[in-house]
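K.L.:
File follows, work04.txt with compact mmCIF, C-alpha atoms and all ligand atoms:
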# COMPACT_ATOMS: atom_id res chain seq x y z
CA MET A 1 4.30 -6.57 -6.03
CA THR A 2 0.91 -8.21 -6.23
CA THR A 3 0.01 -10.32 -3.23
CA THR A 4 -2.89 -12.61 -2.61
CA ALA A 5 -5.10 -11.06 0.03
CA VAL A 6 -6.35 -13.25 2.82
CA LYS A 7 -9.55 -12.31 4.57
CA PRO A 8 -9.13 -12.36 8.37
CA GLU A 9 -12.46 -14.13 8.85
CA GLU A 10 -11.26 -17.08 6.77
CA TYR A 11 -9.20 -18.69 9.54
CA ASP A 12 -7.94 -18.34 13.09
CA VAL A 13 -6.39 -14.87 13.22
CA GLN A 14 -4.89 -15.34 16.69
CA GLU A 15 -3.06 -18.47 15.61
CA ALA A 16 -1.66 -16.74 12.51
CA ILE A 17 -0.57 -13.68 14.48
CA ASP A 18 0.99 -15.81 17.23
CA LYS A 19 3.17 -17.42 14.55
CA ILE A 20 4.31 -14.04 13.19
CA VAL A 21 5.03 -12.72 16.68
CA ALA A 22 6.98 -15.89 17.54
CA GLU A 23 9.21 -15.30 14.50
CA TYR A 24 10.33 -11.89 15.73
CA GLY A 25 9.88 -12.33 19.48
CA ALA A 26 7.27 -10.49 21.54
CA LYS A 27 9.45 -7.43 22.19
CA PRO A 28 8.15 -3.90 21.58
CA SER A 29 11.10 -3.15 19.25
CA ALA A 30 9.78 -5.83 16.85
CA LEU A 31 6.31 -4.29 16.60
CA ILE A 32 6.89 -2.43 13.32
CA MET A 33 8.29 -5.52 11.58
CA ILE A 34 5.39 -7.59 12.90
CA LEU A 35 2.85 -5.06 11.60
CA GLN A 36 4.68 -4.95 8.24
CA ASP A 37 4.36 -8.72 7.93
CA ILE A 38 0.70 -8.60 8.83
CA GLN A 39 0.06 -5.86 6.28
CA LYS A 40 1.88 -7.85 3.60
CA HIS A 41 -0.34 -10.80 4.45
CA TYR A 42 -3.73 -9.02 4.44
CA ARG A 43 -2.75 -5.91 2.38
CA TYR A 44 -3.89 -3.84 5.38
CA LEU A 45 -4.06 -4.07 9.17
CA PRO A 46 -7.41 -5.59 10.11
CA GLU A 47 -8.80 -4.66 13.53
CA SER A 48 -8.95 -8.32 14.55
CA ALA A 49 -5.26 -8.74 13.72
CA MET A 50 -4.27 -5.72 15.81
CA HIS A 51 -6.20 -7.08 18.79
CA ALA A 52 -4.45 -10.42 18.26
CA VAL A 53 -1.06 -8.63 18.24
CA SER A 54 -1.98 -6.86 21.47
CA LYS A 55 -2.86 -10.17 23.10
CA SER A 56 0.12 -12.05 21.72
CA MET A 57 2.67 -9.36 22.66
CA LYS A 58 0.93 -8.36 25.91
CA LEU A 59 0.97 -4.73 24.76
CA PRO A 60 -1.91 -2.26 25.15
CA ILE A 61 -4.10 -2.00 22.04
CA ALA A 62 -3.56 1.80 22.13
CA GLN A 63 0.15 1.23 21.55
CA ILE A 64 -0.54 -0.98 18.51
CA TYR A 65 -2.94 1.62 17.05
CA GLY A 66 -0.45 4.37 17.86
CA VAL A 67 2.21 2.76 15.68
CA ALA A 68 -0.27 1.69 12.97
CA THR A 69 -1.62 5.22 12.57
CA PHE A 70 1.72 7.03 12.91
CA TYR A 71 3.34 5.52 9.80
CA ARG A 72 1.71 6.29 6.46
CA SER A 73 2.88 3.00 5.06
CA PHE A 74 0.35 1.22 7.26
CA SER A 75 -3.26 1.11 6.21
CA LEU A 76 -6.28 0.38 8.39
CA LYS A 77 -8.45 -0.01 5.29
CA PRO A 78 -8.19 -2.82 2.73
CA LYS A 79 -5.93 -1.94 -0.18
CA GLY A 80 -6.31 -3.05 -3.76
CA LYS A 81 -4.35 -5.86 -5.39
CA ASN A 82 -2.38 -3.14 -7.15
CA HIS A 83 -1.16 0.00 -5.49
CA VAL A 84 -0.65 3.25 -7.40
CA CYS A 85 1.11 6.04 -5.56
CA VAL A 86 1.60 9.55 -6.95
CA CYS A 87 4.17 11.87 -5.43
CA THR A 88 2.73 15.34 -4.91
CA GLY A 89 5.76 16.75 -3.11
CA THR A 90 7.13 20.14 -4.15
CA ALA A 91 9.47 18.92 -6.93
CA CYS A 92 6.78 16.72 -8.47
CA HIS A 93 4.05 19.29 -7.90
CA VAL A 94 5.83 21.95 -9.96
CA ARG A 95 6.14 19.38 -12.74
CA GLN A 96 2.38 18.90 -12.96
CA ALA A 97 1.85 15.95 -10.60
CA THR A 98 -1.73 17.16 -10.06
CA VAL A 99 -2.48 16.53 -13.76
CA ILE A 100 -1.49 12.90 -13.21
CA VAL A 101 -3.59 12.68 -10.03
CA ASP A 102 -6.59 14.12 -11.91
CA LYS A 103 -6.13 11.62 -14.75
CA LEU A 104 -6.08 8.73 -12.25
CA ARG A 105 -9.08 10.09 -10.32
CA ARG A 106 -11.05 10.35 -13.58
CA ASP A 107 -10.07 6.95 -14.95
CA LEU A 108 -10.35 4.99 -11.72
CA LYS A 109 -13.35 6.98 -10.41
CA ILE A 110 -11.84 7.06 -6.94
CA GLU A 111 -10.10 9.65 -4.79
CA PRO A 112 -6.60 9.27 -3.31
CA GLY A 113 -6.86 7.01 -0.26
CA GLU A 114 -9.54 4.87 -1.91
CA THR A 115 -9.68 1.51 -3.69
CA THR A 116 -11.68 0.66 -6.81
CA PRO A 117 -14.88 -1.24 -5.95
CA ASP A 118 -13.51 -4.39 -7.63
CA GLY A 119 -10.55 -4.32 -5.21
CA GLU A 120 -8.06 -4.13 -8.09
CA ILE A 121 -6.38 -0.73 -7.67
CA SER A 122 -5.68 1.57 -4.72
CA LEU A 123 -4.69 5.18 -5.27
CA GLU A 124 -2.56 7.14 -2.86
CA THR A 125 -0.55 10.35 -2.83
CA VAL A 126 2.65 10.93 -0.85
CA ASN A 127 4.85 13.94 -0.15
CA CYS A 128 8.13 12.62 -1.51
CA LEU A 129 9.32 9.30 -2.88
CA GLY A 130 12.96 10.31 -2.58
CA ALA A 131 13.73 10.54 -6.31
CA CYS A 132 12.76 14.16 -6.99
CA ALA A 133 14.84 14.42 -10.20
CA LEU A 134 12.49 11.88 -11.80
CA GLY A 135 9.39 13.95 -11.11
CA PRO A 136 6.58 13.80 -11.65
CA LEU A 137 7.01 10.38 -10.13
CA VAL A 138 4.49 7.57 -9.76
CA THR A 139 4.93 4.06 -8.41
CA ALA A 140 2.70 1.18 -9.36
CA ASN A 141 3.32 -1.72 -7.00
CA ASP A 142 7.13 -1.53 -6.76
CA ILE A 143 7.78 -0.09 -10.20
CA TYR A 144 8.90 3.53 -10.59
CA TYR A 145 7.49 5.62 -13.43
CA GLY A 146 9.59 8.76 -13.76
CA ASN A 147 8.79 11.88 -15.82
CA MET A 148 5.20 10.70 -15.82
CA THR A 149 2.79 11.96 -18.46
CA VAL A 150 -0.92 11.47 -19.05
CA SER A 151 -0.28 9.02 -21.88
CA LYS A 152 2.24 7.03 -19.82
CA THR A 153 -0.35 6.94 -17.03
CA GLU A 154 -2.84 5.46 -19.47
CA GLN A 155 -0.30 2.82 -20.51
CA MET A 156 0.49 2.05 -16.87
CA LEU A 157 -3.19 1.49 -16.08
CA ASN A 158 -3.52 -0.77 -19.15
CA ASP A 159 -0.51 -2.78 -17.94
CA ILE A 160 -2.03 -3.09 -14.47
CA ARG A 161 -5.36 -4.23 -15.85
CA ALA A 162 -3.64 -6.71 -18.16
CA GLY A 163 -1.63 -8.10 -15.21
CA LYS A 164 1.63 -7.12 -16.91
CA LEU A 165 3.21 -5.15 -14.09
CA SER A 166 5.06 -7.99 -12.41
CA ALA A 167 6.83 -8.73 -15.71
CA LYS A 168 8.31 -5.23 -15.54
CA LYS A 169 9.29 -5.60 -11.90
CA ASP A 170 12.88 -4.43 -12.13
CA GLU A 171 12.36 -1.88 -14.84
CA VAL A 172 12.62 1.81 -14.02
CA ALA A 173 10.54 3.64 -16.57
CA GLY A 174 11.78 7.12 -17.17
S1 LIG A 201 9.01 15.51 -4.48
FE1 LIG A 201 8.41 13.83 -5.71
S2 LIG A 201 10.02 12.40 -5.43
FE2 LIG A 201 10.56 14.06 -4.14
Show me, as structure tokens, the structure contained in the file I just sent.

P.N.:
Amino acid sequence: MTTTAVKPEEYDVQEAIDKIVAEYGAKPSALIMILQDIQKHYRYLPESAMHAVSKSMKLPIAQIYGVATFYRSFSLKPKGKNHVCVCTGTACHVRQATVIVDKLRRDLKIEPGETTPDGEISLETVNCLGACALGPLVTANDIYYGNMTVSKTEQMLNDIRAGKLSAKKDEVAG
């Protein structure tokens, strides 16, 4: 899914965070959901937003950082408008997932964990996406690309650059 990123300096972060916290209630058990909403909003967890959460929920900042850094789905760095994730878990690895990673590194000129300088595409690797039979498996935004090949990777990048991915939203390529 492509979201519109909002820069935290563009408006009152505390006010925005207070609203999100009020939706869930300022209880520690709601922290993950609150951080998920914030990440959806900014595409990452800005430092200013985490301090605002700490203040709003009256929780120590160390606890907020602890949760934000424990889960790989949270990012403390800005992510691109589009998010490409390659599974390099065992099942995908034996089916040449590294060839796909190399193709993406070459084409995007970034390493896993980085975002293209134009902010368009982030690249990430994970250990298992839970659909090992489809390996090598790649997701682009929320779309699954199973049995991925170099040429399908090329097509996927073309679709991303042409803004065509959301049209394929419910499609499982395989
Ligand atoms: S190892 Fe790739 S989906 Fe499980």

K.L.:
Applying 7 Å and all atoms listed in the file, which residues near region 44-59 of chain A remain after dropping the ones on its own chain fewer than 3 positions away? List them as number ranges by chain.

P.N.:
A: 13-14, 17-18, 26, 38-39, 63-64, 74-79

K.L.:
Residues of chain A that approach ligand LIG 201 (chain A) to 7 Å or less, counting only C-alpha atoms and all ligand atoms: could you list each one with the shortest pair of atoms and its distance in Å to one decimal, rows by chain and increasing residue number, as CSV?

P.N.:
residue,atom,partner,partner_atom,distance
A:Cys87,CA,A:LIG201,FE1,4.7
A:Thr88,CA,A:LIG201,FE1,5.9
A:Gly89,CA,A:LIG201,S1,3.7
A:Thr90,CA,A:LIG201,S1,5.0
A:Ala91,CA,A:LIG201,S1,4.2
A:Cys92,CA,A:LIG201,FE1,4.3
A:Asn127,CA,A:LIG201,S1,6.2
A:Cys128,CA,A:LIG201,FE2,3.9
A:Leu129,CA,A:LIG201,S2,4.1
A:Gly130,CA,A:LIG201,S2,4.6
A:Ala131,CA,A:LIG201,S2,4.2
A:Cys132,CA,A:LIG201,FE2,3.6
A:Leu134,CA,A:LIG201,S2,6.9
A:Gly135,CA,A:LIG201,FE1,5.5
A:Pro136,CA,A:LIG201,FE1,6.2
A:Leu137,CA,A:LIG201,FE1,5.8

K.L.:
Could you tell me how far CA of Leu104 (chain A) lies from CA of Thr153 (chain A), in Å and to one decimal?

P.N.:
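Atom-to-atom, CA of Leu104 (chain A) and CA of Thr153 (chain A) are spaced 7.7 Å apart.
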
K.L.:
Could you check how far CA of Ile34 (chain A) sits from CA of Leu165 (chain A), in Å to one decimal?

P.N.:
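Taking CA of Ile34 (chain A) as the start and CA of Leu165 (chain A) as the end point, the length is 27.2 Å.
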
K.L.:
Between A:Asp118, A:Ala68, A:Lys103, A:Ala140, which has the minimum distance to Glu154 (chain A) (counting all atoms listed in the file)?

P.N.:
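Of all the options, A:Lys103 lies closest to Glu154 (chain A).
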
K.L.:
Within 10 Å of Arg105 (chain A), counting all atoms listed in the file, which residues show up once you throw out same-chain ones fewer than 6 positions away? Write them as a list in words, please.

P.N.:
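Using all atoms listed in the file, the neighbours found are Val99, Glu111, Pro112, Glu114 and Leu123 of chain A.
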
K.L.:
Keeping only C-alpha atoms, take the residues you just selected and write them out as a short mmCIF file (atom, residue, chain, number, x, y, z; two decimals), keeping the file's coordinate frame.

P.N.:
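Below is the file that was written, part.cif:
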data_model
loop_
_atom_site.label_atom_id
_atom_site.label_comp_id
_atom_site.auth_asym_id
_atom_site.auth_seq_id
_atom_site.Cartn_x
_atom_site.Cartn_y
_atom_site.Cartn_z
CA VAL A 99 -2.48 16.53 -13.76
CA GLU A 111 -10.10 9.65 -4.79
CA PRO A 112 -6.60 9.27 -3.31
CA GLU A 114 -9.54 4.87 -1.91
CA LEU A 123 -4.69 5.18 -5.27
#

K.L.:
Restricting the calculation to all atoms listed in the file: of A:Ile121, A:Gly113, A:Leu157, A:Val84, which residue gets closest to Tyr144 (chain A)?

P.N.:
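Distance minimum relative to Tyr144 (chain A) lands on A:Val84.
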
K.L.:
By how many Å are CA of Tyr71 (chain A) and CA of Arg161 (chain A) apart?

P.N.:
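That distance, rounded to one decimal, is 28.8 Å.
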